[in-house]
Each structure stands twice: as structure tokens, then as C-alpha cells.
$ cat structure.cif   # mmCIF, C-alpha atoms
data_work
loop_
_atom_site.label_atom_id
_atom_site.label_comp_id
_atom_site.auth_asym_id
_atom_site.auth_seq_id
_atom_site.Cartn_x
_atom_site.Cartn_y
_atom_site.Cartn_z
CA MET A 1 22.50 -4.22 8.83
CA TYR A 2 20.53 -1.00 9.31
CA VAL A 3 18.03 -0.25 6.56
CA SER A 4 16.68 3.24 5.93
CA PRO A 5 13.75 3.18 3.47
CA LYS A 6 14.02 5.51 0.50
CA PRO A 7 12.23 8.82 1.11
CA ILE A 8 8.99 9.88 -0.53
CA GLY A 9 9.74 11.36 -3.94
CA TYR A 10 12.84 9.22 -4.44
CA LEU A 11 11.67 8.11 -7.88
CA PRO A 12 11.72 10.66 -10.73
CA GLY A 13 8.38 11.62 -12.20
CA ASP A 14 9.11 9.90 -15.51
CA ALA A 15 9.98 6.54 -13.91
CA VAL A 16 7.93 3.94 -15.80
CA LEU A 17 5.34 1.94 -13.85
CA TRP A 18 3.37 -1.16 -14.83
CA ARG A 19 0.35 -2.81 -13.28
CA TYR A 20 -0.37 -6.36 -14.44
CA MET A 21 -3.90 -7.68 -14.00
CA SER A 22 -6.73 -9.80 -15.33
CA PHE A 23 -9.04 -8.50 -18.03
CA ALA A 24 -11.89 -8.36 -15.49
CA LYS A 25 -9.90 -6.03 -13.20
CA PHE A 26 -9.03 -3.82 -16.16
CA VAL A 27 -12.72 -3.48 -17.06
CA ALA A 28 -13.52 -2.72 -13.41
CA ILE A 29 -11.05 0.18 -13.42
CA LEU A 30 -12.60 1.62 -16.59
CA HIS A 31 -16.16 1.11 -15.39
CA THR A 32 -15.76 2.46 -11.85
CA ARG A 33 -13.01 4.99 -12.59
CA THR A 34 -11.27 3.85 -9.40
CA LEU A 35 -8.12 2.18 -8.13
CA PHE A 36 -8.47 -0.26 -5.26
CA PHE A 37 -6.17 0.07 -2.24
CA PRO A 38 -6.16 -3.13 -0.17
CA SER A 39 -5.12 -2.88 3.46
CA LEU A 40 -1.77 -4.38 4.47
CA ALA A 41 -3.71 -7.01 6.40
CA ASN A 42 -5.32 -8.23 3.19
CA LEU A 43 -2.17 -8.67 1.15
CA GLN A 44 -0.84 -12.14 0.39
CA ASP A 45 2.40 -11.87 2.37
CA SER A 46 1.75 -12.32 6.10
CA PHE A 47 4.94 -10.33 6.86
CA GLU A 48 3.39 -7.09 5.58
CA GLY A 49 3.80 -4.35 8.20
CA SER A 50 5.68 -6.61 10.59
CA PHE A 51 8.95 -5.99 12.43
CA PRO A 52 12.31 -7.63 11.60
CA ASP A 53 13.56 -9.83 14.45
CA ALA A 54 16.14 -7.26 15.61
CA ASN A 55 13.47 -4.57 15.86
CA VAL A 56 11.32 -6.84 18.02
CA ASP A 57 14.32 -7.28 20.33
CA LEU A 58 14.74 -3.49 20.55
CA VAL A 59 11.07 -3.02 21.37
CA ALA A 60 11.33 -5.68 24.07
CA ASP A 61 14.21 -3.75 25.65
CA ILE A 62 12.28 -0.46 25.52
CA LEU A 63 9.17 -1.94 27.10
CA GLN A 64 10.83 -3.70 30.03
CA TYR A 65 11.20 -2.18 33.48
CA GLU A 66 13.52 -3.36 36.21
CA GLU A 67 10.69 -4.32 38.53
CA ASP A 68 8.83 -6.29 35.82
CA THR A 69 8.59 -10.04 35.95
CA PRO A 70 9.42 -12.05 32.80
CA GLU A 71 5.67 -12.58 32.41
CA ASP A 72 5.02 -8.83 32.57
CA ARG A 73 7.61 -8.18 29.88
CA ALA A 74 6.26 -10.91 27.62
CA SER A 75 2.71 -9.60 28.04
CA ALA A 76 3.73 -6.00 27.24
CA LEU A 77 5.54 -7.12 24.08
CA LYS A 78 2.59 -9.26 23.01
CA ASP A 79 0.17 -6.35 23.47
CA PHE A 80 2.45 -4.06 21.43
CA LEU A 81 2.76 -6.54 18.56
CA ASP A 82 -0.97 -7.34 18.57
CA LEU A 83 -1.82 -3.64 18.36
CA ASN A 84 0.51 -3.15 15.40
CA ARG A 85 -0.87 -6.22 13.66
CA LYS A 86 -4.41 -4.82 13.99
CA ASN A 87 -3.30 -1.39 12.80
CA ARG A 88 -2.32 -2.87 9.44
CA ARG A 89 -5.97 -2.54 8.47
CA SER A 90 -5.71 1.25 8.53
CA PHE A 91 -2.81 1.38 6.06
CA VAL A 92 -3.74 0.89 2.41
CA VAL A 93 -1.54 0.42 -0.65
CA ASN A 94 -1.77 0.15 -4.43
CA CYS A 95 1.15 -1.78 -5.92
CA TRP A 96 3.06 -1.30 -9.20
CA PHE A 97 6.09 -2.79 -10.95
CA GLN A 98 8.84 -0.31 -11.84
CA GLY A 99 10.98 -0.85 -14.93
CA GLU A 100 11.65 0.54 -18.37
CA THR A 101 10.43 -2.61 -20.13
CA GLU A 102 7.83 -5.32 -19.64
CA SER A 103 8.52 -8.19 -17.28
CA PHE A 104 7.89 -11.76 -18.44
CA ALA A 105 7.79 -12.86 -14.78
CA MET A 106 5.08 -10.31 -13.95
CA TRP A 107 2.96 -11.47 -16.86
CA LYS A 108 3.12 -15.02 -15.54
CA LEU A 109 2.49 -14.08 -11.91
CA TYR A 110 -0.32 -11.57 -12.25
CA ALA A 111 -1.77 -11.69 -15.75
CA GLY A 112 -1.32 -15.21 -17.05
CA GLY A 113 -3.72 -17.46 -18.91
CA GLY A 114 -3.94 -15.66 -22.23
CA GLU A 115 -6.32 -12.90 -21.08
CA GLY A 116 -4.08 -10.55 -19.11
CA ILE A 117 -3.58 -6.80 -19.28
CA ALA A 118 -0.79 -4.43 -18.25
CA ILE A 119 -1.40 -0.74 -17.67
CA LYS A 120 1.65 1.38 -18.45
CA SER A 121 2.01 4.64 -16.53
CA ASN A 122 4.66 6.68 -14.69
CA VAL A 123 5.18 8.16 -11.23
CA SER A 124 3.88 11.65 -12.09
CA SER A 125 0.74 10.27 -13.70
CA LEU A 126 0.04 8.03 -10.72
CA ILE A 127 0.44 10.97 -8.33
CA ASN A 128 -1.79 13.26 -10.40
CA CYS A 129 -4.59 10.86 -11.32
CA PHE A 130 -6.42 10.96 -7.98
CA LYS A 131 -9.53 13.09 -7.63
CA GLY A 132 -9.59 14.67 -4.18
CA GLY A 133 -9.55 12.91 -0.84
CA GLN A 134 -6.52 12.15 1.31
CA PRO A 135 -3.08 12.74 -0.19
CA VAL A 136 -1.53 9.66 -1.75
CA PHE A 137 2.21 9.09 -1.38
CA ILE A 138 4.49 7.14 -3.73
CA SER A 139 7.62 5.26 -2.72
CA PRO A 140 9.65 2.24 -3.85
CA VAL A 141 9.73 -0.87 -1.67
CA GLN A 142 13.00 -2.03 -0.16
CA TYR A 143 13.80 -5.72 0.26
CA ILE A 144 15.42 -6.90 3.48
CA ASP A 145 16.39 -9.97 5.46
CA TYR A 146 13.98 -10.09 8.40
CA LYS A 147 16.43 -12.30 10.29
CA SER A 148 19.50 -10.06 10.07
CA ASP A 149 18.45 -6.54 9.02
CA ILE A 150 16.95 -3.81 11.20
CA ILE A 151 14.92 -0.81 10.03
CA ASP A 152 16.00 2.49 11.52
CA ASP A 153 12.67 3.72 12.86
CA LEU A 154 9.43 2.14 14.06
CA ALA A 155 7.02 4.39 12.14
CA PHE A 156 4.26 2.37 10.56
CA PHE A 157 4.80 3.71 7.04
CA THR A 158 8.44 2.58 7.25
CA ARG A 159 7.43 -1.01 7.84
CA ALA A 160 4.85 -0.76 5.06
CA LEU A 161 7.64 -0.03 2.57
CA VAL A 162 9.83 -3.06 3.23
CA LYS A 163 9.38 -6.66 2.13
CA ARG A 164 11.36 -9.88 2.27
CA LYS A 165 14.18 -10.40 -0.22
CA GLY A 166 12.30 -13.26 -1.81
CA TYR A 167 10.06 -10.65 -3.44
CA GLU A 168 12.81 -8.59 -5.08
CA HIS A 169 11.71 -9.73 -8.54
CA GLU A 170 8.59 -7.55 -8.11
CA ALA A 171 10.60 -4.27 -8.17
CA GLU A 172 7.60 -2.79 -6.41
CA VAL A 173 6.51 0.82 -6.08
CA ARG A 174 3.63 1.60 -3.75
CA ALA A 175 1.02 4.30 -3.69
CA TYR A 176 -0.09 4.45 -0.06
CA TYR A 177 -1.70 6.38 2.74
CA SER A 178 -3.17 5.87 6.19
CA HIS A 179 -6.94 5.38 6.01
CA ILE A 180 -8.89 5.69 9.26
CA PRO A 181 -12.61 5.09 8.62
CA MET A 182 -14.84 7.77 10.11
CA LYS A 183 -18.56 7.85 10.87
CA ASP A 184 -20.43 10.89 12.18
CA GLY A 185 -17.14 12.64 12.94
CA GLU A 186 -15.70 9.78 14.97
CA VAL A 187 -13.49 6.79 14.24
CA ASP A 188 -15.69 3.97 12.95
CA LYS A 189 -14.95 0.94 15.12
CA SER A 190 -17.80 -1.19 13.79
CA PRO A 191 -17.05 -4.81 12.77
CA GLU A 192 -18.04 -3.94 9.19
CA SER A 193 -15.43 -1.20 9.03
CA TYR A 194 -12.77 -3.35 10.63
CA GLU A 195 -13.32 -6.19 8.17
CA ARG A 196 -13.28 -3.95 5.11
CA PRO A 197 -10.57 -5.31 2.76
CA GLY A 198 -9.55 -1.87 1.49
CA VAL A 199 -10.80 1.33 -0.13
CA SER A 200 -11.38 2.53 -3.69
CA ARG A 201 -10.14 5.93 -4.86
CA GLN A 202 -11.62 7.92 -7.73
CA ILE A 203 -9.14 8.54 -10.56
CA ASP A 204 -8.87 10.18 -13.96
CA VAL A 205 -8.10 7.14 -16.12
CA ASP A 206 -6.79 9.27 -18.98
CA VAL A 207 -4.22 10.86 -16.67
CA LEU A 208 -3.15 7.49 -15.26
CA ILE A 209 -3.14 5.18 -18.27
CA LYS A 210 -0.53 5.96 -20.91
CA GLU A 211 -0.78 2.67 -22.75
CA VAL A 212 -2.61 -0.65 -22.48
CA ILE A 213 -0.56 -3.75 -23.22
CA VAL A 214 -2.16 -7.10 -23.96
CA THR A 215 -0.49 -10.31 -22.79
CA PRO A 216 1.95 -11.94 -25.25
CA GLU A 217 -0.15 -15.12 -24.97
CA ALA A 218 -3.26 -13.42 -26.38
CA GLY A 219 -5.00 -14.45 -29.55
CA SER A 220 -5.94 -11.81 -32.11
CA TRP A 221 -9.58 -12.00 -30.97
CA PHE A 222 -8.63 -10.94 -27.44
CA LEU A 223 -6.56 -8.00 -28.64
CA GLU A 224 -9.55 -6.78 -30.65
CA LEU A 225 -11.84 -7.27 -27.64
CA VAL A 226 -9.61 -5.13 -25.44
CA LYS A 227 -9.52 -2.40 -28.09
CA MET A 228 -13.32 -2.51 -28.35
CA VAL A 229 -13.79 -2.28 -24.56
CA ALA A 230 -11.29 0.58 -24.28
CA ALA A 231 -13.13 2.46 -27.03
CA HIS A 232 -16.48 1.78 -25.36
CA TYR A 233 -15.28 3.49 -22.18
CA GLY A 234 -13.69 6.35 -24.12
CA LEU A 235 -10.14 5.54 -23.07
CA LYS A 236 -7.66 7.71 -24.96
CA ALA A 237 -4.59 5.52 -24.40
CA PRO A 238 -3.47 3.22 -27.24
CA VAL A 239 -3.90 -0.54 -26.95
CA ARG A 240 -1.27 -2.91 -28.36
CA LEU A 241 0.01 -6.45 -28.10
CA SER A 242 2.98 -7.09 -25.82
CA SER A 243 6.40 -6.72 -27.45
CA LEU A 244 7.24 -10.10 -25.92
CA ALA A 245 5.02 -11.57 -28.63
CA ASP A 246 7.43 -10.36 -31.33
CA THR A 247 9.04 -13.03 -33.50
CA PRO A 248 12.80 -13.40 -34.06
CA ASN A 249 14.31 -12.32 -37.37
CA TRP A 250 15.47 -15.78 -38.53
CA ASP A 251 14.22 -15.11 -42.04
CA ARG A 252 15.55 -11.60 -42.40
CA VAL A 253 17.76 -11.30 -45.47
CA VAL A 254 20.63 -8.80 -45.39
CA LEU A 255 22.10 -8.01 -48.82
#
$ encode --input "structure.cif" --output "C-alpha cells"
Amino acid sequence: MYVSPKPIGYLPGDAVLWRYMSFAKFVAILHTRTLFFPSLANLQDSFEGSFPDANVDLVADILQYEEDTPEDRASALKDFLDLNRKNRRSFVVNCWFQGETESFAMWKLYAGGGEGIAIKSNVSSLINCFKGGQPVFISPVQYIDYKSDIIDDLAFFTRALVKRKGYEHEAEVRAYYSHIPMKDGEVDKSPESYERPGVSRQIDVDVLIKEVIVTPEAGSWFLELVKMVAAHYGLKAPVRLSSLADTPNWDRVVL
């Protein structure tokens, strides 16, 4: 099946976004006033930025010449794939969950242990929170079968916006851009630059953060701690306990 990733701007500006994280990462955002963009090469899924099988077959056909030996063709394909694997380091992303309500699964996966935080925002706020620098694009991720599906172009950003179907529960939206490190007006090819796990972007936290939600597993002491830290850093957004901590109305009396 051909897959055409959704275009930039597909999501409406008021689409609700969530970012689940540890308390330490939340404090880091408030303290540094930044969002971290890891490179595709530093994400957990080794398939990030890779080609579906059918696309690899197409590339193999494009690269082969009649006079080539099988060894020549295999070498050309290997060089092409190796180059694209290395180029993943120059593409950086910041990942969000999209949905109208909280996700119990996301709490467990990314903010478990009783001391987790979720930042609630929306697409417009994410777009507008960045302070200068390269433009940041926003797009939802599509989930495909890498064995049977084929993406309809080979552009790098296209492959950065698809993931395996096993990750569909993440309902992911990505802020992303191509980051090529420069030094003295030239591309920085130093080992230090190549090994950099990602980049941090300056943000206006009051534009980005609409609400701070504390894990449903939190004790009252932790909720108060988060409120105190938010106040210390002058955050304007309200802080509340997750609605998943609500109790059922077994004892409600209806007359």
C-alpha cells in the first residue's frame, strides 16, 4: 500500500497536545526555558528514518546499471543506506501525544512511578513558543507496516514522520526541523558535533504550557511540590492533579 504522509499544517491549531515526562525534566524545562530536540539517531526505535522494504527495492532498481556486477549493485545500495543512516543525526524532533483527554498508557510509559508530569498545550502554542532560530514544523506521525507499505517519496522528512504500527498507541505529533551544525560559516564535521544527541531550543514557557497535570499516582505532598516549583519559576499555567485520580460516585445519593 502506498502511504502519503499528512502535510504540514494538517492538524488544526486548537488540537490538544500532551507531553508526559519525569519531574526532573519538567524542572529542566522551567529552569532552562528550552525544549530538547533529540536527533532521529538518538531515539529509542532503531527504525527511525529508515526505508520500508519496498522502498529499498525501488532504490536498488534506481541505482543499478546494466553493466554493473551484482557486487557493484550491492555496494551502491549499501553506500546509499549508510549515508541515510548517518544523516539521521541532522534531523531533530520533539515528540507529543495528541488527544482531547489524558492517556493512562502514556502516564505509565513516560511518567510513571508516582512523580510524573504532563504538560498540556496545543498545536498553535507549540508553533508560537519558539524564540528565533530555524523554523520549526509540526506534523502528525503516520503508522505503517514496513514489510508491506511503501512511502510515496524518498525525502528525508517523509521518513521522519512515519513509524511502525506497533507504536500507534502513541498518537504522536512531532515538532521537527533539519539541523546542520555550523562552525565559522562551514558545516561542522567534528566528532563532537557528530556525536551530539540533539539540540535545545529557547521557548516562551507561558506561551507553550497551558496546564500542568500531575500523575494520578501522586501523593498530596508531590502535588504541592509541583505547585511550589511552578510558582518559583513564575509559571502562569495552573497546576492540578490528573482527572484519572478521580473517585467513582458509588456513594452519591440521588433523591
$ resolve_selection --input "structure.cif" --expression "the PyMOL selection byres ((chain A and resi 111-117) around 12)" --output "PyMOL selection string"
chain A and resi 18-27+29+102-110+118-120+211-227+230+239-242+245
$ closest_residue --input "structure.cif" --among "A:Ser46, A:Ser75, A:Ser90, A:Gln98" --to "Arg196 in chain A" --atoms "only C-alpha atoms"
A:Ser90
$ atom_distance --input "structure.cif" --atom1 "CA of Gly234 in chain A" --atom2 "CA of Asn94 in chain A"
23.8 Å
$ closest_residue --input "structure.cif" --among "A:Ile151, A:Leu17, A:Asp45, A:Asp251" --to "Glu172 in chain A" --atoms "only C-alpha atoms"
A:Leu17
$ resolve_selection --input "structure.cif" --expression "the PyMOL selection byres ((chain A and resi 199) around 12)" --output "PyMOL selection string"
chain A and resi 34-40+42+89-94+133-134+176-181+193-198+200-202
$ closest_residue --input "structure.cif" --among "A:Lys131, A:Lys147, A:Lys163, A:Arg85" --to "Asp57 in chain A" --atoms "all atoms listed in the file"
A:Lys147
$ residues_near_point --input "structure.cif" --point "(18.6, -7.1, -0.3)" --cutoff "9 Å" --atoms "all atoms listed in the file" --output "ChimeraX atom specification"
/A:142-145,164-166,168
$ closest_residue --input "structure.cif" --among "A:Lys78, A:His232, A:Thr158, A:Ala175" --to "Pro135 in chain A" --atoms "all atoms listed in the file"
A:Ala175
$ closest_residue --input "structure.cif" --among "A:Asp246, A:Ala41, A:Val123, A:Tyr233" --to "Leu208 in chain A" --atoms "all atoms listed in the file"
A:Val123
$ residues_near_point --input "structure.cif" --point "(10.1, 2.6, -2.8)" --cutoff "12 Å" --atoms "only C-alpha atoms" --output "PyMOL selection string"
chain A and resi 4-12+15+95-98+123+137-143+157-163+168+170-176
$ write_last_selection --input "structure.cif" --atoms "C-alpha atoms" --output "PDB file, in the coordinates of the input"
ATOM      1  CA  SER A   4      16.680   3.240   5.930  1.00  0.00           C
ATOM      2  CA  PRO A   5      13.750   3.180   3.470  1.00  0.00           C
ATOM      3  CA  LYS A   6      14.020   5.510   0.500  1.00  0.00           C
ATOM      4  CA  PRO A   7      12.230   8.820   1.110  1.00  0.00           C
ATOM      5  CA  ILE A   8       8.990   9.880  -0.530  1.00  0.00           C
ATOM      6  CA  GLY A   9       9.740  11.360  -3.940  1.00  0.00           C
ATOM      7  CA  TYR A  10      12.840   9.220  -4.440  1.00  0.00           C
ATOM      8  CA  LEU A  11      11.670   8.110  -7.880  1.00  0.00           C
ATOM      9  CA  PRO A  12      11.720  10.660 -10.730  1.00  0.00           C
ATOM     10  CA  ALA A  15       9.980   6.540 -13.910  1.00  0.00           C
ATOM     11  CA  CYS A  95       1.150  -1.780  -5.920  1.00  0.00           C
ATOM     12  CA  TRP A  96       3.060  -1.300  -9.200  1.00  0.00           C
ATOM     13  CA  PHE A  97       6.090  -2.790 -10.950  1.00  0.00           C
ATOM     14  CA  GLN A  98       8.840  -0.310 -11.840  1.00  0.00           C
ATOM     15  CA  VAL A 123       5.180   8.160 -11.230  1.00  0.00           C
ATOM     16  CA  PHE A 137       2.210   9.090  -1.380  1.00  0.00           C
ATOM     17  CA  ILE A 138       4.490   7.140  -3.730  1.00  0.00           C
ATOM     18  CA  SER A 139       7.620   5.260  -2.720  1.00  0.00           C
ATOM     19  CA  PRO A 140       9.650   2.240  -3.850  1.00  0.00           C
ATOM     20  CA  VAL A 141       9.730  -0.870  -1.670  1.00  0.00           C
ATOM     21  CA  GLN A 142      13.000  -2.030  -0.160  1.00  0.00           C
ATOM     22  CA  TYR A 143      13.800  -5.720   0.260  1.00  0.00           C
ATOM     23  CA  PHE A 157       4.800   3.710   7.040  1.00  0.00           C
ATOM     24  CA  THR A 158       8.440   2.580   7.250  1.00  0.00           C
ATOM     25  CA  ARG A 159       7.430  -1.010   7.840  1.00  0.00           C
ATOM     26  CA  ALA A 160       4.850  -0.760   5.060  1.00  0.00           C
ATOM     27  CA  LEU A 161       7.640  -0.030   2.570  1.00  0.00           C
ATOM     28  CA  VAL A 162       9.830  -3.060   3.230  1.00  0.00           C
ATOM     29  CA  LYS A 163       9.380  -6.660   2.130  1.00  0.00           C
ATOM     30  CA  GLU A 168      12.810  -8.590  -5.080  1.00  0.00           C
ATOM     31  CA  GLU A 170       8.590  -7.550  -8.110  1.00  0.00           C
ATOM     32  CA  ALA A 171      10.600  -4.270  -8.170  1.00  0.00           C
ATOM     33  CA  GLU A 172       7.600  -2.790  -6.410  1.00  0.00           C
ATOM     34  CA  VAL A 173       6.510   0.820  -6.080  1.00  0.00           C
ATOM     35  CA  ARG A 174       3.630   1.600  -3.750  1.00  0.00           C
ATOM     36  CA  ALA A 175       1.020   4.300  -3.690  1.00  0.00           C
ATOM     37  CA  TYR A 176      -0.090   4.450  -0.060  1.00  0.00           C
TER      38      TYR A 176
END
$ residues_around --input "structure.cif" --residues "Ala74 in chain A" --least-positions-apart "3" --cutoff "12 Å" --atoms "all atoms listed in the file" --output "number ranges by chain"
A: 56-57, 59-61, 63-65, 68-71, 77-81
$ closest_residue --input "structure.cif" --among "A:Ile62, A:Ile203, A:Val253, A:Leu235" --to "Val136 in chain A" --atoms "all atoms listed in the file"
A:Ile203
$ atom_distance --input "structure.cif" --atom1 "CA of Ile209 in chain A" --atom2 "CA of Gln44 in chain A"
25.6 Å
$ atom_distance --input "structure.cif" --atom1 "CA of Asp204 in chain A" --atom2 "CA of Asn128 in chain A"
8.5 Å
$ axis_aligned_box --input "structure.cif" --around "range 201-207 of chain A" --padding-each-side "5 Å" --output "lines of an AutoDock Vina configuration file"
center_x = -7.9
center_y = 8.4
center_z = -11.9
size_x = 17.4
size_y = 14.9
size_z = 24.1
